[in-house]
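Asks: The structure under discussion is supplied below as structure tokens; questions concerning it will follow.
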Amino acid sequence: MALMQALQGPDGVIAPGVYDALTALLAEQAGFSAAYISGASVSYTLLGRPDLGFVSLSQLAEAVERMRQRVTIDLIVDADTGFGNALNVIHTTRMLERAGASAIQLEDQKMPKRCGHLGGKQLVTAAEMVGKVKAATDARTSEDTLIIARTDGIAVEGLNAALDRAMAYKEAGADILFVEAPQSAEDMTLIVNTFDGTIPLLANMVDGGDPAVHNASALHKAGYSLVITAGSLTRAMAFAADQLLHQLRKAGTTAACSEKMFSFAGLNQRIGLPEMLARSVSYASDAVEIQDQENK
């Protein structure tokens, strides 16, 4: 129950959005205890497509598994709508849990879903989403695997209706609630007051989205146990790549960008090349002879 214990602690949890093993590793090395596998970021980087429901369950599970093989931090997985009805959610939950998810997030949009900060979203009924939440909690093999219920109700039905939906999802067994895209600090306060510490709440900080970006510490103090920055890392890395490529196309060299990137040796250091090479020596057929020569 490490993730739930951290959520119930005084400092809460901040989870940067990641999309592959490298970004998950960088998050772990930066000292984060959890990372958020953003469905949007996986779509951007894996497919070069917007967050409109193009990523399949198998593609998402493979991404989670690759990250879990590389890092030990908690992985919070955006599973969109669960890839279908309640029966599909059972399959989704089991597949992502086996892949290494620490928490699985489900949302109450209709397919094809949209990014939570885009217009034109449509919702399933609250009753259908309640069934999905129950299916997920029934399907998990460990209670340590947390189920996050997200509602996009604010943009479609208004804040009060969204709160009613969130309350129903809580009663259905969700471990964490995510009321997406509040329009103001006052809305965020109302969300916190409605649940009054009875369940961990998630806040999504989106640069240029709703609401404006807040400081994670302030959000924890205000009553949000989990703060995610779902897309910030992806936008930063895409911006840096765009600059480098334009510089290369213009000047024929990346020299002007050298101070904005890892050196070849520096990146290999981060991903553990020296340790792997050192370990490989111990498995070599002449390992003993090599070690004897080094000791002379």
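If you're wondering about the labels, chains in the structure tokens are A, B, ... by order shown, residues count from 1 in each chain, ligands from 1 in order shown.
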Excluding same-chain residues fewer than 3 positions from range 264-281 of chain A, what lies within 8 Å of it counting only C-alpha atoms, as a PyMOL selection string?

Replies: chain A and resi 22+25-26+284+287

Asks: Residues of the last selection are to be written out with N, CA, C and O atoms, as a PDB file, in the first residue's frame.

Replies:
ATOM      1  N   LEU A  22      12.595   5.718 -20.869  1.00  0.00           N
ATOM      2  CA  LEU A  22      13.589   6.756 -20.617  1.00  0.00           C
ATOM      3  C   LEU A  22      13.022   7.859 -19.745  1.00  0.00           C
ATOM      4  O   LEU A  22      13.651   8.267 -18.757  1.00  0.00           O
ATOM      5  N   LEU A  25      12.544   6.647 -16.259  1.00  0.00           N
ATOM      6  CA  LEU A  25      13.831   6.565 -15.564  1.00  0.00           C
ATOM      7  C   LEU A  25      14.300   7.940 -15.114  1.00  0.00           C
ATOM      8  O   LEU A  25      14.782   8.110 -13.985  1.00  0.00           O
ATOM      9  N   LEU A  26      14.168   8.931 -15.968  1.00  0.00           N
ATOM     10  CA  LEU A  26      14.567  10.282 -15.594  1.00  0.00           C
ATOM     11  C   LEU A  26      13.739  10.793 -14.418  1.00  0.00           C
ATOM     12  O   LEU A  26      14.261  11.474 -13.528  1.00  0.00           O
ATOM     13  N   ALA A 284      31.900 -12.891 -18.456  1.00  0.00           N
ATOM     14  CA  ALA A 284      32.774 -13.250 -19.575  1.00  0.00           C
ATOM     15  C   ALA A 284      33.551 -14.528 -19.250  1.00  0.00           C
ATOM     16  O   ALA A 284      33.883 -14.806 -18.087  1.00  0.00           O
ATOM     17  N   ALA A 287      36.658 -13.849 -17.374  1.00  0.00           N
ATOM     18  CA  ALA A 287      36.455 -12.863 -16.319  1.00  0.00           C
ATOM     19  C   ALA A 287      37.489 -12.981 -15.214  1.00  0.00           C
ATOM     20  O   ALA A 287      38.011 -11.988 -14.718  1.00  0.00           O
TER      21      ALA A 287
END

Asks: I need the residues in range 68-166 of chain A that are strand (DSSP E or B) according to DSSP; give them as a compact mmCIF listing (two decimals) with all heavy atoms, in the first residue's frame.

Replies:
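Here's the written file states.txt:
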# COMPACT_ATOMS: atom_id res chain seq x y z
N ASP A 74 6.13 4.00 -8.36
CA ASP A 74 4.72 3.72 -8.67
C ASP A 74 4.38 4.29 -10.05
O ASP A 74 4.76 5.42 -10.39
CB ASP A 74 3.81 4.35 -7.62
CG ASP A 74 3.88 3.64 -6.29
OD1 ASP A 74 3.82 2.40 -6.28
OD2 ASP A 74 4.01 4.32 -5.25
N LEU A 75 3.65 3.50 -10.83
CA LEU A 75 3.22 3.91 -12.17
C LEU A 75 1.70 4.05 -12.18
O LEU A 75 0.98 3.07 -11.97
CB LEU A 75 3.66 2.88 -13.21
CG LEU A 75 5.18 2.73 -13.39
CD1 LEU A 75 5.49 1.62 -14.39
CD2 LEU A 75 5.83 4.04 -13.81
N ILE A 76 1.26 5.26 -12.39
CA ILE A 76 -0.17 5.58 -12.44
C ILE A 76 -0.56 5.65 -13.91
O ILE A 76 -0.04 6.48 -14.65
CB ILE A 76 -0.44 6.92 -11.73
CG1 ILE A 76 0.05 6.84 -10.27
CG2 ILE A 76 -1.92 7.28 -11.80
CD1 ILE A 76 0.16 8.20 -9.61
N VAL A 77 -1.47 4.79 -14.34
CA VAL A 77 -1.72 4.59 -15.77
C VAL A 77 -3.07 5.16 -16.18
O VAL A 77 -4.12 4.79 -15.62
CB VAL A 77 -1.65 3.10 -16.14
CG1 VAL A 77 -1.86 2.92 -17.64
CG2 VAL A 77 -0.32 2.50 -15.71
N ASP A 78 -3.04 6.04 -17.17
CA ASP A 78 -4.25 6.59 -17.77
C ASP A 78 -4.80 5.56 -18.76
O ASP A 78 -4.25 5.37 -19.84
CB ASP A 78 -3.89 7.91 -18.47
CG ASP A 78 -5.06 8.52 -19.22
OD1 ASP A 78 -6.19 8.01 -19.11
OD2 ASP A 78 -4.84 9.53 -19.92
N ALA A 103 -1.61 2.07 -10.22
CA ALA A 103 -2.95 2.65 -10.20
C ALA A 103 -3.45 2.75 -11.63
O ALA A 103 -2.67 2.98 -12.56
CB ALA A 103 -2.94 4.02 -9.53
N ILE A 104 -4.76 2.58 -11.81
CA ILE A 104 -5.38 2.59 -13.13
C ILE A 104 -6.50 3.61 -13.14
O ILE A 104 -7.40 3.56 -12.30
CB ILE A 104 -5.92 1.19 -13.49
CG1 ILE A 104 -4.78 0.17 -13.51
CG2 ILE A 104 -6.65 1.22 -14.83
CD1 ILE A 104 -5.24 -1.27 -13.59
N GLN A 105 -6.42 4.53 -14.08
CA GLN A 105 -7.41 5.61 -14.17
C GLN A 105 -8.41 5.33 -15.28
O GLN A 105 -8.06 5.01 -16.40
CB GLN A 105 -6.69 6.93 -14.46
CG GLN A 105 -7.63 8.11 -14.67
CD GLN A 105 -6.88 9.31 -15.17
OE1 GLN A 105 -5.97 9.79 -14.51
NE2 GLN A 105 -7.24 9.80 -16.35
N LEU A 106 -9.70 5.46 -14.93
CA LEU A 106 -10.79 5.31 -15.88
C LEU A 106 -11.59 6.60 -15.93
O LEU A 106 -11.74 7.28 -14.92
CB LEU A 106 -11.71 4.16 -15.46
CG LEU A 106 -11.06 2.78 -15.31
CD1 LEU A 106 -12.03 1.82 -14.65
CD2 LEU A 106 -10.60 2.25 -16.66
N GLU A 107 -12.13 6.92 -17.10
CA GLU A 107 -12.90 8.16 -17.26
C GLU A 107 -14.29 7.86 -17.80
O GLU A 107 -14.54 6.79 -18.36
CB GLU A 107 -12.17 9.12 -18.18
CG GLU A 107 -12.00 8.61 -19.60
CD GLU A 107 -11.03 9.44 -20.42
OE1 GLU A 107 -9.97 9.82 -19.92
OE2 GLU A 107 -11.36 9.68 -21.60
N GLN A 109 -16.02 9.30 -20.25
CA GLN A 109 -16.34 9.77 -21.60
C GLN A 109 -16.83 8.62 -22.48
O GLN A 109 -16.54 7.46 -22.24
CB GLN A 109 -15.09 10.37 -22.25
CG GLN A 109 -14.69 11.73 -21.75
CD GLN A 109 -13.68 12.38 -22.68
OE1 GLN A 109 -13.89 12.45 -23.89
NE2 GLN A 109 -12.58 12.87 -22.11
N LEU A 123 -20.37 12.16 -22.60
CA LEU A 123 -20.25 11.29 -21.44
C LEU A 123 -21.15 10.07 -21.54
O LEU A 123 -22.24 10.12 -22.12
CB LEU A 123 -20.62 12.05 -20.17
CG LEU A 123 -19.89 13.36 -19.88
CD1 LEU A 123 -20.40 13.95 -18.56
CD2 LEU A 123 -18.39 13.14 -19.83
N LEU A 146 -4.58 0.60 -7.19
CA LEU A 146 -5.64 1.58 -6.93
C LEU A 146 -6.41 1.91 -8.20
O LEU A 146 -5.86 1.92 -9.29
CB LEU A 146 -5.02 2.85 -6.34
CG LEU A 146 -4.15 2.66 -5.09
CD1 LEU A 146 -3.64 4.01 -4.58
CD2 LEU A 146 -4.91 1.93 -3.99
N ILE A 147 -7.69 2.19 -8.02
CA ILE A 147 -8.56 2.56 -9.14
C ILE A 147 -8.92 4.04 -9.01
O ILE A 147 -9.46 4.48 -7.98
CB ILE A 147 -9.85 1.71 -9.16
CG1 ILE A 147 -9.50 0.22 -9.21
CG2 ILE A 147 -10.72 2.12 -10.35
CD1 ILE A 147 -8.65 -0.20 -10.40
N ILE A 148 -8.58 4.80 -10.05
CA ILE A 148 -8.88 6.23 -10.09
C ILE A 148 -10.08 6.44 -11.01
O ILE A 148 -10.07 6.01 -12.16
CB ILE A 148 -7.68 7.03 -10.63
CG1 ILE A 148 -6.43 6.77 -9.78
CG2 ILE A 148 -8.01 8.52 -10.69
CD1 ILE A 148 -5.17 7.39 -10.36
N ALA A 149 -11.10 7.09 -10.50
CA ALA A 149 -12.28 7.41 -11.30
C ALA A 149 -12.25 8.89 -11.68
O ALA A 149 -12.22 9.75 -10.81
CB ALA A 149 -13.56 7.09 -10.53
N ARG A 150 -12.23 9.13 -12.97
CA ARG A 150 -12.20 10.51 -13.48
C ARG A 150 -13.55 10.85 -14.10
O ARG A 150 -14.13 10.05 -14.84
CB ARG A 150 -11.10 10.64 -14.52
CG ARG A 150 -11.21 11.88 -15.39
CD ARG A 150 -10.07 11.97 -16.37
NE ARG A 150 -10.46 12.63 -17.61
CZ ARG A 150 -9.63 12.90 -18.61
NH1 ARG A 150 -8.36 12.55 -18.52
NH2 ARG A 150 -10.07 13.48 -19.70
N THR A 151 -14.03 12.04 -13.80
CA THR A 151 -15.21 12.55 -14.49
C THR A 151 -14.86 13.80 -15.28
O THR A 151 -14.16 14.68 -14.80
CB THR A 151 -16.37 12.85 -13.52
OG1 THR A 151 -17.47 13.38 -14.29
CG2 THR A 151 -15.99 13.86 -12.45

Asks: For the structure I just gave you, how does DSSP split range 142-237 of chain A - specifically, which residues are helix (DSSP H, G or I)? Reply as a PyMOL selection string.

Replies: chain A and resi 153-157+159-171+185-195+216-222+232-237

Asks: Restricting the calculation to only C-alpha atoms: of A:Val55, A:Ala15, A:Leu60, A:Leu159, which residue gets closest to Ala27 in chain A?

Replies: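 Closest to Ala27 in chain A, using only C-alpha atoms: A:Ala15.
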
Asks: Of the residues A:Leu202, A:Ala222, A:Ala40, A:Leu190, which is the one nearest to Pro10 in chain A, using only C-alpha atoms?

Replies: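 Ranked by minimum distance to Pro10 in chain A, first place goes to A:Ala222.
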
Asks: Just checking: using only C-alpha atoms, which residue out of A:Leu3, A:Met205, A:Val64, A:Leu233 ends up closest to Ala79 in chain A?

Replies: A:Val64

Asks: Mind checking which residues fall within 12 Å of Ser142 in chain A, counting only C-alpha atoms, ignoring those fewer than 3 positions away in the same chain, and posting them as number ranges by chain?

Replies: A: 1, 93-94, 97-98, 100-103, 136-139, 145-147

Asks: Mind writing the picked residues with all heavy atoms as a JSON list (two decimals), in the first residue's frame?

Replies:
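As a result, selection-v5.json now contains:
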[["chain", "number", "residue", "atom", "x", "y", "z"],
["A", 1, "MET", "N", 0.82, -1.21, 0.00],
["A", 1, "MET", "CA", 0.00, 0.00, 0.00],
["A", 1, "MET", "C", 0.86, 1.26, 0.00],
["A", 1, "MET", "O", 0.46, 2.30, 0.52],
["A", 1, "MET", "CB", -0.93, 0.00, 1.23],
["A", 1, "MET", "CG", -1.92, -1.15, 1.26],
["A", 1, "MET", "SD", -3.13, -1.05, -0.05],
["A", 1, "MET", "CE", -4.14, 0.30, 0.52],
["A", 93, "THR", "N", -8.11, -3.91, -16.77],
["A", 93, "THR", "CA", -7.54, -3.86, -15.43],
["A", 93, "THR", "C", -6.54, -4.98, -15.22],
["A", 93, "THR", "O", -5.43, -4.76, -14.72],
["A", 93, "THR", "CB", -8.66, -3.94, -14.37],
["A", 93, "THR", "OG1", -9.57, -2.85, -14.56],
["A", 93, "THR", "CG2", -8.09, -3.89, -12.97],
["A", 94, "ARG", "N", -6.91, -6.18, -15.59],
["A", 94, "ARG", "CA", -6.01, -7.32, -15.39],
["A", 94, "ARG", "C", -4.75, -7.19, -16.24],
["A", 94, "ARG", "O", -3.65, -7.50, -15.79],
["A", 94, "ARG", "CB", -6.75, -8.62, -15.70],
["A", 94, "ARG", "CG", -7.82, -8.94, -14.67],
["A", 94, "ARG", "CD", -8.65, -10.15, -15.06],
["A", 94, "ARG", "NE", -9.62, -10.48, -14.01],
["A", 94, "ARG", "CZ", -10.63, -11.33, -14.15],
["A", 94, "ARG", "NH1", -10.79, -11.96, -15.32],
["A", 94, "ARG", "NH2", -11.45, -11.58, -13.15],
["A", 97, "GLU", "N", -2.55, -4.33, -14.78],
["A", 97, "GLU", "CA", -2.00, -4.74, -13.49],
["A", 97, "GLU", "C", -0.84, -5.71, -13.70],
["A", 97, "GLU", "O", 0.21, -5.58, -13.07],
["A", 97, "GLU", "CB", -3.09, -5.36, -12.62],
["A", 97, "GLU", "CG", -2.63, -5.64, -11.19],
["A", 97, "GLU", "CD", -3.75, -6.22, -10.34],
["A", 97, "GLU", "OE1", -4.55, -7.03, -10.89],
["A", 97, "GLU", "OE2", -3.82, -5.90, -9.16],
["A", 98, "ARG", "N", -1.01, -6.66, -14.61],
["A", 98, "ARG", "CA", 0.08, -7.60, -14.91],
["A", 98, "ARG", "C", 1.29, -6.87, -15.50],
["A", 98, "ARG", "O", 2.43, -7.26, -15.27],
["A", 98, "ARG", "CB", -0.39, -8.68, -15.89],
["A", 98, "ARG", "CG", -1.27, -9.74, -15.29],
["A", 98, "ARG", "CD", -1.37, -10.96, -16.20],
["A", 98, "ARG", "NE", -1.88, -10.62, -17.52],
["A", 98, "ARG", "CZ", -3.17, -10.65, -17.85],
["A", 98, "ARG", "NH1", -4.07, -10.98, -16.93],
["A", 98, "ARG", "NH2", -3.54, -10.34, -19.07],
["A", 100, "GLY", "N", 2.30, -3.98, -14.70],
["A", 100, "GLY", "CA", 3.04, -3.26, -13.67],
["A", 100, "GLY", "C", 2.41, -1.99, -13.18],
["A", 100, "GLY", "O", 3.05, -1.20, -12.48],
["A", 101, "ALA", "N", 1.14, -1.76, -13.50],
["A", 101, "ALA", "CA", 0.46, -0.54, -13.04],
["A", 101, "ALA", "C", 0.26, -0.57, -11.53],
["A", 101, "ALA", "O", -0.14, -1.59, -10.96],
["A", 101, "ALA", "CB", -0.89, -0.39, -13.73],
["A", 102, "SER", "N", 0.53, 0.56, -10.89],
["A", 102, "SER", "CA", 0.24, 0.73, -9.46],
["A", 102, "SER", "C", -1.15, 1.30, -9.25],
["A", 102, "SER", "O", -1.77, 1.07, -8.21],
["A", 102, "SER", "CB", 1.27, 1.66, -8.82],
["A", 102, "SER", "OG", 2.58, 1.24, -9.07],
["A", 103, "ALA", "N", -1.61, 2.07, -10.22],
["A", 103, "ALA", "CA", -2.95, 2.65, -10.20],
["A", 103, "ALA", "C", -3.45, 2.75, -11.63],
["A", 103, "ALA", "O", -2.67, 2.98, -12.56],
["A", 103, "ALA", "CB", -2.94, 4.02, -9.53],
["A", 136, "ALA", "N", -13.67, -2.78, -12.35],
["A", 136, "ALA", "CA", -12.23, -2.63, -12.13],
["A", 136, "ALA", "C", -11.82, -3.09, -10.74],
["A", 136, "ALA", "O", -10.81, -3.78, -10.58],
["A", 136, "ALA", "CB", -11.83, -1.18, -12.36],
["A", 137, "THR", "N", -12.59, -2.71, -9.73],
["A", 137, "THR", "CA", -12.23, -3.10, -8.37],
["A", 137, "THR", "C", -12.39, -4.60, -8.17],
["A", 137, "THR", "O", -11.64, -5.22, -7.41],
["A", 137, "THR", "CB", -13.06, -2.34, -7.32],
["A", 137, "THR", "OG1", -14.47, -2.58, -7.56],
["A", 137, "THR", "CG2", -12.80, -0.84, -7.41],
["A", 138, "ASP", "N", -13.35, -5.21, -8.86],
["A", 138, "ASP", "CA", -13.52, -6.66, -8.78],
["A", 138, "ASP", "C", -12.40, -7.40, -9.51],
["A", 138, "ASP", "O", -12.01, -8.50, -9.12],
["A", 138, "ASP", "CB", -14.87, -7.08, -9.38],
["A", 138, "ASP", "CG", -16.04, -6.72, -8.49],
["A", 138, "ASP", "OD1", -15.82, -6.43, -7.30],
["A", 138, "ASP", "OD2", -17.19, -6.74, -9.00],
["A", 139, "ALA", "N", -11.91, -6.79, -10.60],
["A", 139, "ALA", "CA", -10.96, -7.49, -11.46],
["A", 139, "ALA", "C", -9.53, -7.46, -10.93],
["A", 139, "ALA", "O", -8.75, -8.38, -11.21],
["A", 139, "ALA", "CB", -10.98, -6.87, -12.86],
["A", 145, "THR", "N", -3.41, -2.24, -5.95],
["A", 145, "THR", "CA", -3.64, -1.61, -7.24],
["A", 145, "THR", "C", -4.84, -0.69, -7.11],
["A", 145, "THR", "O", -5.97, -1.15, -6.94],
["A", 145, "THR", "CB", -3.90, -2.66, -8.34],
["A", 145, "THR", "OG1", -2.80, -3.59, -8.39],
["A", 145, "THR", "CG2", -4.05, -1.99, -9.70],
["A", 146, "LEU", "N", -4.58, 0.60, -7.19],
["A", 146, "LEU", "CA", -5.64, 1.58, -6.93],
["A", 146, "LEU", "C", -6.41, 1.91, -8.20],
["A", 146, "LEU", "O", -5.86, 1.92, -9.29],
["A", 146, "LEU", "CB", -5.02, 2.85, -6.34],
["A", 146, "LEU", "CG", -4.15, 2.66, -5.09],
["A", 146, "LEU", "CD1", -3.64, 4.01, -4.58],
["A", 146, "LEU", "CD2", -4.91, 1.93, -3.99],
["A", 147, "ILE", "N", -7.69, 2.19, -8.02],
["A", 147, "ILE", "CA", -8.56, 2.56, -9.14],
["A", 147, "ILE", "C", -8.92, 4.04, -9.01],
["A", 147, "ILE", "O", -9.46, 4.48, -7.98],
["A", 147, "ILE", "CB", -9.85, 1.71, -9.16],
["A", 147, "ILE", "CG1", -9.50, 0.22, -9.21],
["A", 147, "ILE", "CG2", -10.72, 2.12, -10.35],
["A", 147, "ILE", "CD1", -8.65, -0.20, -10.40]]

Asks: Hey, what's within 12 Å of Gly223 in chain A if we count only C-alpha atoms and toss same-chain stuff fewer than 6 positions away? As a list of chain:residue names, please?

Replies: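 Once the nearby chain positions are removed, what remains is A:Leu7, A:Gln8, A:Gly9, A:Pro10, A:Asp11, A:Gly12, A:Val13, A:Met188, A:Thr189, A:Leu190, A:Ile191, A:Val192, A:Asn193, A:Thr194, A:Phe195, A:Asp196, A:Gly197, A:Thr198, A:Ile199, A:Pro200, A:Leu201, A:Leu202, A:Ala203, A:Ala216, A:Ser217.
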
Asks: Go through A:Lys132, A:His91, A:Arg49, A:Arg70 and flag the residue nearest Arg114 in chain A, using only C-alpha atoms for the distances.

Replies: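 Once distances to Arg114 in chain A are computed over only C-alpha atoms, the minimum belongs to A:Arg49.
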
Asks: Counting only C-alpha atoms, which residue out of A:Gly48, A:Gly131, A:Gly39, A:Glu180 sits closest to Ala238 in chain A?

Replies: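 That would be A:Gly48, the residue with the smallest distance to Ala238 in chain A.
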
Asks: How many Å lie between CA of Arg140 in chain A and CA of Ala230 in chain A, rounded to one decimal?

Replies: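 Taking CA of Arg140 in chain A as the start and CA of Ala230 in chain A as the end point, the length is 24.1 Å.
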
Asks: Env of range 254-261 of chain A: 7 Å cut, atoms = only C-alpha atoms, seq-sep filter 4 positions within chain, self excluded. Answer as a ChimeraX atom specification.

Replies: /A:244,247-248

Asks: Could the residues in this selection be written to a file with C-alpha atoms, as a CSV table (one decimal), in the first residue's frame?

Replies:
chain,number,residue,atom,x,y,z
A,244,LEU,CA,17.4,21.1,-32.6
A,247,GLN,CA,19.0,24.3,-36.1
A,248,LEU,CA,20.4,21.3,-37.9

Asks: Separation of CA of Phe239 in chain A and CA of Tyr19 in chain A, in Å?

Replies: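 Separation between CA of Phe239 in chain A and CA of Tyr19 in chain A: 15.7 Å.
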
Asks: Using only C-alpha atoms, which of A:Thr141, A:Gln29, A:Ser225, A:Ser232 sits nearest Thr72 in chain A?

Replies: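 Using only C-alpha atoms, the shortest distance to Thr72 in chain A belongs to A:Gln29.
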